[in-house]
file structure_32.pdb (PDB, C-alpha atoms, pLDDT in the B column)
ATOM      1  CA  MET A   1      -1.441 -16.360  -2.387  1.00 67.00           C
ATOM      2  CA  ALA A   2      -3.684 -13.410  -1.483  1.00 76.00           C
ATOM      3  CA  LYS A   3      -4.006  -9.793  -2.558  1.00 83.00           C
ATOM      4  CA  ILE A   4      -4.626  -6.414  -0.906  1.00 84.00           C
ATOM      5  CA  THR A   5      -6.009  -3.619  -3.083  1.00 86.00           C
ATOM      6  CA  GLY A   6      -6.727   0.070  -2.724  1.00 87.00           C
ATOM      7  CA  ARG A   7      -7.171   3.363  -4.525  1.00 88.00           C
ATOM      8  CA  ALA A   8      -4.573   6.081  -3.969  1.00 87.00           C
ATOM      9  CA  LYS A   9      -5.224   9.564  -5.325  1.00 86.00           C
ATOM     10  CA  ARG A  10      -3.843  13.001  -4.575  1.00 85.00           C
ATOM     11  CA  PHE A  11      -5.957  16.059  -3.734  1.00 81.00           C
ATOM     12  CA  ASP A  12      -6.051  16.977  -7.444  1.00 84.00           C
ATOM     13  CA  SER A  13      -7.466  13.528  -8.382  1.00 84.00           C
ATOM     14  CA  LEU A  14      -4.234  12.300  -9.987  1.00 86.00           C
ATOM     15  CA  PRO A  15      -2.888   8.940  -8.808  1.00 89.00           C
ATOM     16  CA  VAL A  16      -0.065   8.930  -6.290  1.00 90.00           C
ATOM     17  CA  ASP A  17       3.360   8.008  -7.664  1.00 92.00           C
ATOM     18  CA  TYR A  18       3.664   4.762  -5.698  1.00 92.00           C
ATOM     19  CA  VAL A  19       2.453   2.841  -2.670  1.00 91.00           C
ATOM     20  CA  LEU A  20       4.870   1.279  -0.179  1.00 90.00           C
ATOM     21  CA  LEU A  21       3.881  -1.615   2.078  1.00 89.00           C
ATOM     22  CA  PHE A  22       5.882  -2.349   5.205  1.00 87.00           C
ATOM     23  CA  ALA A  23       5.836  -4.741   8.150  1.00 85.00           C
ATOM     24  CA  TRP A  24       4.104  -2.876  10.958  1.00 83.00           C
ATOM     25  CA  LYS A  25       6.217  -4.285  13.799  1.00 85.00           C
ATOM     26  CA  THR A  26       9.667  -4.009  12.196  1.00 88.00           C
ATOM     27  CA  GLY A  27       9.233  -1.194   9.666  1.00 87.00           C
ATOM     28  CA  LYS A  28      10.830  -3.396   6.992  1.00 90.00           C
ATOM     29  CA  CYS A  29       9.655  -2.602   3.465  1.00 91.00           C
ATOM     30  CA  LEU A  30       7.724  -5.519   1.942  1.00 89.00           C
ATOM     31  CA  GLY A  31       7.164  -4.108  -1.517  1.00 91.00           C
ATOM     32  CA  LYS A  32       6.027  -1.331  -3.787  1.00 93.00           C
ATOM     33  CA  SER A  33       2.995  -0.932  -6.023  1.00 94.00           C
ATOM     34  CA  ILE A  34       2.540   1.567  -8.861  1.00 95.00           C
ATOM     35  CA  PRO A  35      -1.106   2.694  -9.190  1.00 93.00           C
ATOM     36  CA  ASP A  36      -2.833   2.824 -12.577  1.00 94.00           C
ATOM     37  CA  ALA A  37      -4.299   6.068 -13.987  1.00 93.00           C
ATOM     38  CA  ALA A  38      -7.385   5.699 -11.775  1.00 91.00           C
ATOM     39  CA  GLY A  39      -5.229   5.245  -8.644  1.00 90.00           C
ATOM     40  CA  ASN A  40      -5.955   1.516  -8.252  1.00 91.00           C
ATOM     41  CA  TRP A  41      -3.137  -0.554  -6.793  1.00 91.00           C
ATOM     42  CA  SER A  42      -2.654  -4.098  -5.548  1.00 91.00           C
ATOM     43  CA  PHE A  43      -0.075  -6.150  -3.674  1.00 90.00           C
ATOM     44  CA  ASP A  44       0.263  -9.934  -3.557  1.00 87.00           C
ATOM     45  CA  TYR A  45       1.374 -11.612  -0.344  1.00 80.00           C
ATOM     46  CA  ASP A  46       1.793 -15.149   0.930  1.00 76.00           C
ATOM     47  CA  THR A  47       1.813 -14.897   4.712  1.00 77.00           C
ATOM     48  CA  ASN A  48      -0.274 -13.541   7.600  1.00 79.00           C
ATOM     49  CA  LEU A  49       1.083 -10.234   8.859  1.00 79.00           C
ATOM     50  CA  MET A  50       0.275  -6.715  10.047  1.00 82.00           C
ATOM     51  CA  VAL A  51       1.292  -4.098   7.500  1.00 83.00           C
ATOM     52  CA  GLY A  52       1.383  -0.353   7.070  1.00 84.00           C
ATOM     53  CA  VAL A  53       0.565   1.283   3.756  1.00 86.00           C
ATOM     54  CA  THR A  54       2.185   4.564   2.685  1.00 87.00           C
ATOM     55  CA  TYR A  55       1.014   6.628  -0.283  1.00 86.00           C
ATOM     56  CA  VAL A  56       3.839   8.660  -1.841  1.00 87.00           C
ATOM     57  CA  SER A  57       3.677  11.520  -4.356  1.00 86.00           C
ATOM     58  CA  ASP A  58       6.769  13.381  -5.504  1.00 81.00           C
ATOM     59  CA  GLY A  59       6.981  16.772  -3.828  1.00 76.00           C
ATOM     60  CA  CYS A  60       4.477  15.871  -1.093  1.00 77.00           C
ATOM     61  CA  GLU A  61       4.718  14.417   2.382  1.00 70.00           C
ATOM     62  CA  PRO A  62       3.961  10.666   2.457  1.00 72.00           C
ATOM     63  CA  ILE A  63       0.577   9.709   3.907  1.00 75.00           C
ATOM     64  CA  THR A  64       0.742   6.576   6.061  1.00 68.00           C
ATOM     65  CA  HIS A  65      -2.228   4.276   6.520  1.00 70.00           C
ATOM     66  CA  GLY A  66      -2.303   1.247   8.793  1.00 62.00           C
ATOM     67  CA  ALA A  67      -2.051  -1.053  10.483  1.00 65.00           C
ATOM     68  CA  TYR A  68      -3.850  -3.511   8.242  1.00 66.00           C
ATOM     69  CA  GLU A  69      -4.098  -7.175   9.097  1.00 67.00           C
ATOM     70  CA  LEU A  70      -3.461  -9.257   5.996  1.00 63.00           C
ATOM     71  CA  VAL A  71      -4.836 -12.714   6.616  1.00 65.00           C
ATOM     72  CA  LEU A  72      -4.055 -15.371   4.071  1.00 61.00           C
ATOM     73  CA  ASN A  73      -7.110 -17.481   3.339  1.00 60.00           C
ATOM     74  CA  LYS A  74      -6.064 -20.994   2.407  1.00 54.00           C
TER      75      LYS A  74
END

call {"tool": "encode", "arguments": {"input": "structure_32.pdb", "output": "structure tokens"}}
result
Amino acid sequence: MAKITGRAKRFDSLPVDYVLLFAWKTGKCLGKSIPDAAGNWSFDYDTNLMVGVTYVSDGCEPITHGAYELVLNK
């Protein structure tokens, strides 16, 4: 098991509402993370893959980040 982490904040320094992670090649959603009050989020994964990360805030356009290469270290 491995973990990817990040910090997701809006322009007004509030955390985004949620972070979506998706498979870069297929666009399939892999999961969702809810940031804490400081905007910190994490996602656990168990395979090697390329992912995209999208920050979403209600009332705003999503901001997509990626591709990230998640490499599981065994």

call {"tool": "axis_aligned_box", "arguments": {"input": "structure_32.pdb", "around": "segment 38-45 of chain A", "padding_each_side": "5 Å", "output": "JSON"}}
result
{"center_x": -3.0, "center_y": -3.0, "center_z": -6.1, "size_x": 18.8, "size_y": 27.3, "size_z": 21.4}

call {"tool": "resolve_selection", "arguments": {"input": "structure_32.pdb", "expression": "the PyMOL selection byres ((chain A and resi 19) around 8)", "output": "count of residues only"}}
result
15

call {"tool": "resolve_selection", "arguments": {"input": "structure_32.pdb", "expression": "the PyMOL selection byres ((chain A and resi 39) around 6)", "output": "ChimeraX atom specification"}}
result
/A:7-9,15,35-38,40

call {"tool": "closest_residue", "arguments": {"input": "structure_32.pdb", "among": "A:Ala2, A:Cys60, A:Leu14, A:Val51", "to": "Leu30 of chain A", "atoms": "all atoms listed in the file"}}
result
A:Val51

call {"tool": "closest_residue", "arguments": {"input": "structure_32.pdb", "among": "A:Ala23, A:Arg10, A:Cys29, A:Phe43", "to": "Glu61 of chain A", "atoms": "all atoms listed in the file"}}
result
A:Arg10

call {"tool": "atom_distance", "arguments": {"input": "structure_32.pdb", "atom1": "atom CA of His65 of chain A", "atom2": "atom CA of Thr5 of chain A"}}
result
13.0 Å

call {"tool": "resolve_selection", "arguments": {"input": "structure_32.pdb", "expression": "the PyMOL selection byres ((chain A and resi 45) around 7)", "output": "PyMOL selection string"}}
result
chain A and resi 1-3+43-44+46-47

call {"tool": "atom_distance", "arguments": {"input": "structure_32.pdb", "atom1": "atom CA of Gly27 of chain A", "atom2": "atom CA of Ser13 of chain A"}}
result
28.7 Å

call {"tool": "decode", "arguments": {"input": "structure_32.pdb", "residues": "segment 26-40 of chain A", "atoms": "all heavy atoms", "output": "PDB file, in the first residue's frame"}}
result
ATOM      1  N   THR A  26      -7.655   6.129 -19.079  1.00  0.00           N
ATOM      2  CA  THR A  26      -9.059   5.774 -19.318  1.00  0.00           C
ATOM      3  C   THR A  26     -10.052   6.834 -18.847  1.00  0.00           C
ATOM      4  O   THR A  26     -11.199   6.840 -19.269  1.00  0.00           O
ATOM      5  CB  THR A  26      -9.423   4.467 -18.583  1.00  0.00           C
ATOM      6  OG1 THR A  26      -9.332   4.693 -17.170  1.00  0.00           O
ATOM      7  CG2 THR A  26      -8.518   3.329 -19.002  1.00  0.00           C
ATOM      8  N   GLY A  27      -9.616   7.720 -17.957  1.00  0.00           N
ATOM      9  CA  GLY A  27     -10.523   8.717 -17.392  1.00  0.00           C
ATOM     10  C   GLY A  27     -11.409   8.175 -16.286  1.00  0.00           C
ATOM     11  O   GLY A  27     -12.234   8.898 -15.736  1.00  0.00           O
ATOM     12  N   LYS A  28     -11.230   6.899 -15.935  1.00  0.00           N
ATOM     13  CA  LYS A  28     -12.057   6.278 -14.894  1.00  0.00           C
ATOM     14  C   LYS A  28     -11.694   6.828 -13.513  1.00  0.00           C
ATOM     15  O   LYS A  28     -10.528   6.919 -13.152  1.00  0.00           O
ATOM     16  CB  LYS A  28     -11.840   4.768 -14.909  1.00  0.00           C
ATOM     17  CG  LYS A  28     -12.629   4.039 -13.859  1.00  0.00           C
ATOM     18  CD  LYS A  28     -12.350   2.550 -13.877  1.00  0.00           C
ATOM     19  CE  LYS A  28     -13.053   1.879 -12.715  1.00  0.00           C
ATOM     20  NZ  LYS A  28     -12.696   0.491 -12.590  1.00  0.00           N
ATOM     21  N   CYS A  29     -12.725   7.212 -12.752  1.00  0.00           N
ATOM     22  CA  CYS A  29     -12.507   7.741 -11.415  1.00  0.00           C
ATOM     23  C   CYS A  29     -11.993   6.634 -10.494  1.00  0.00           C
ATOM     24  O   CYS A  29     -12.566   5.548 -10.427  1.00  0.00           O
ATOM     25  CB  CYS A  29     -13.797   8.328 -10.853  1.00  0.00           C
ATOM     26  SG  CYS A  29     -13.581   9.142  -9.262  1.00  0.00           S
ATOM     27  N   LEU A  30     -10.908   6.923  -9.775  1.00  0.00           N
ATOM     28  CA  LEU A  30     -10.319   5.956  -8.850  1.00  0.00           C
ATOM     29  C   LEU A  30     -10.756   6.196  -7.416  1.00  0.00           C
ATOM     30  O   LEU A  30     -10.758   5.282  -6.599  1.00  0.00           O
ATOM     31  CB  LEU A  30      -8.793   6.031  -8.908  1.00  0.00           C
ATOM     32  CG  LEU A  30      -8.160   5.764 -10.268  1.00  0.00           C
ATOM     33  CD1 LEU A  30      -6.682   6.085 -10.216  1.00  0.00           C
ATOM     34  CD2 LEU A  30      -8.404   4.327 -10.675  1.00  0.00           C
ATOM     35  N   GLY A  31     -11.093   7.441  -7.096  1.00  0.00           N
ATOM     36  CA  GLY A  31     -11.498   7.736  -5.734  1.00  0.00           C
ATOM     37  C   GLY A  31     -11.599   9.221  -5.478  1.00  0.00           C
ATOM     38  O   GLY A  31     -11.335  10.052  -6.349  1.00  0.00           O
ATOM     39  N   LYS A  32     -11.984   9.531  -4.259  1.00  0.00           N
ATOM     40  CA  LYS A  32     -12.246  10.902  -3.844  1.00  0.00           C
ATOM     41  C   LYS A  32     -11.628  11.114  -2.472  1.00  0.00           C
ATOM     42  O   LYS A  32     -11.657  10.230  -1.626  1.00  0.00           O
ATOM     43  CB  LYS A  32     -13.764  11.083  -3.781  1.00  0.00           C
ATOM     44  CG  LYS A  32     -14.255  12.427  -3.367  1.00  0.00           C
ATOM     45  CD  LYS A  32     -15.789  12.398  -3.404  1.00  0.00           C
ATOM     46  CE  LYS A  32     -16.406  13.704  -3.084  1.00  0.00           C
ATOM     47  NZ  LYS A  32     -17.871  13.655  -3.205  1.00  0.00           N
ATOM     48  N   SER A  33     -11.070  12.299  -2.262  1.00  0.00           N
ATOM     49  CA  SER A  33     -10.497  12.641  -0.969  1.00  0.00           C
ATOM     50  C   SER A  33     -11.066  13.982  -0.526  1.00  0.00           C
ATOM     51  O   SER A  33     -11.186  14.902  -1.329  1.00  0.00           O
ATOM     52  CB  SER A  33      -8.969  12.729  -1.074  1.00  0.00           C
ATOM     53  OG  SER A  33      -8.403  13.082   0.161  1.00  0.00           O
ATOM     54  N   ILE A  34     -11.418  14.089   0.742  1.00  0.00           N
ATOM     55  CA  ILE A  34     -11.937  15.327   1.315  1.00  0.00           C
ATOM     56  C   ILE A  34     -10.798  15.977   2.112  1.00  0.00           C
ATOM     57  O   ILE A  34     -10.314  15.399   3.083  1.00  0.00           O
ATOM     58  CB  ILE A  34     -13.139  15.067   2.248  1.00  0.00           C
ATOM     59  CG1 ILE A  34     -14.213  14.246   1.549  1.00  0.00           C
ATOM     60  CG2 ILE A  34     -13.684  16.389   2.786  1.00  0.00           C
ATOM     61  CD1 ILE A  34     -14.876  14.909   0.380  1.00  0.00           C
ATOM     62  N   PRO A  35     -10.351  17.176   1.708  1.00  0.00           N
ATOM     63  CA  PRO A  35      -9.259  17.828   2.431  1.00  0.00           C
ATOM     64  C   PRO A  35      -9.675  18.264   3.834  1.00  0.00           C
ATOM     65  O   PRO A  35     -10.847  18.542   4.090  1.00  0.00           O
ATOM     66  CB  PRO A  35      -8.944  19.061   1.577  1.00  0.00           C
ATOM     67  CG  PRO A  35      -9.552  18.796   0.254  1.00  0.00           C
ATOM     68  CD  PRO A  35     -10.727  17.916   0.506  1.00  0.00           C
ATOM     69  N   ASP A  36      -8.684  18.356   4.732  1.00  0.00           N
ATOM     70  CA  ASP A  36      -8.947  18.893   6.069  1.00  0.00           C
ATOM     71  C   ASP A  36      -8.995  20.426   5.994  1.00  0.00           C
ATOM     72  O   ASP A  36      -8.911  21.005   4.900  1.00  0.00           O
ATOM     73  CB  ASP A  36      -7.900  18.390   7.073  1.00  0.00           C
ATOM     74  CG  ASP A  36      -6.481  18.864   6.778  1.00  0.00           C
ATOM     75  OD1 ASP A  36      -6.290  19.811   5.975  1.00  0.00           O
ATOM     76  OD2 ASP A  36      -5.549  18.286   7.367  1.00  0.00           O
ATOM     77  N   ALA A  37      -9.129  21.088   7.116  1.00  0.00           N
ATOM     78  CA  ALA A  37      -9.279  22.550   7.152  1.00  0.00           C
ATOM     79  C   ALA A  37      -8.073  23.282   6.565  1.00  0.00           C
ATOM     80  O   ALA A  37      -8.201  24.404   6.077  1.00  0.00           O
ATOM     81  CB  ALA A  37      -9.535  23.013   8.586  1.00  0.00           C
ATOM     82  N   ALA A  38      -6.907  22.656   6.589  1.00  0.00           N
ATOM     83  CA  ALA A  38      -5.703  23.264   6.029  1.00  0.00           C
ATOM     84  C   ALA A  38      -5.540  22.950   4.542  1.00  0.00           C
ATOM     85  O   ALA A  38      -4.598  23.411   3.900  1.00  0.00           O
ATOM     86  CB  ALA A  38      -4.474  22.795   6.796  1.00  0.00           C
ATOM     87  N   GLY A  39      -6.438  22.130   3.982  1.00  0.00           N
ATOM     88  CA  GLY A  39      -6.363  21.753   2.575  1.00  0.00           C
ATOM     89  C   GLY A  39      -5.577  20.490   2.305  1.00  0.00           C
ATOM     90  O   GLY A  39      -5.419  20.076   1.164  1.00  0.00           O
ATOM     91  N   ASN A  40      -5.070  19.823   3.342  1.00  0.00           N
ATOM     92  CA  ASN A  40      -4.294  18.598   3.166  1.00  0.00           C
ATOM     93  C   ASN A  40      -5.203  17.427   2.806  1.00  0.00           C
ATOM     94  O   ASN A  40      -6.241  17.244   3.414  1.00  0.00           O
ATOM     95  CB  ASN A  40      -3.532  18.269   4.457  1.00  0.00           C
ATOM     96  CG  ASN A  40      -2.557  19.354   4.818  1.00  0.00           C
ATOM     97  OD1 ASN A  40      -1.756  19.777   4.016  1.00  0.00           O
ATOM     98  ND2 ASN A  40      -2.650  19.836   6.046  1.00  0.00           N
TER      99      ASN A  40
END
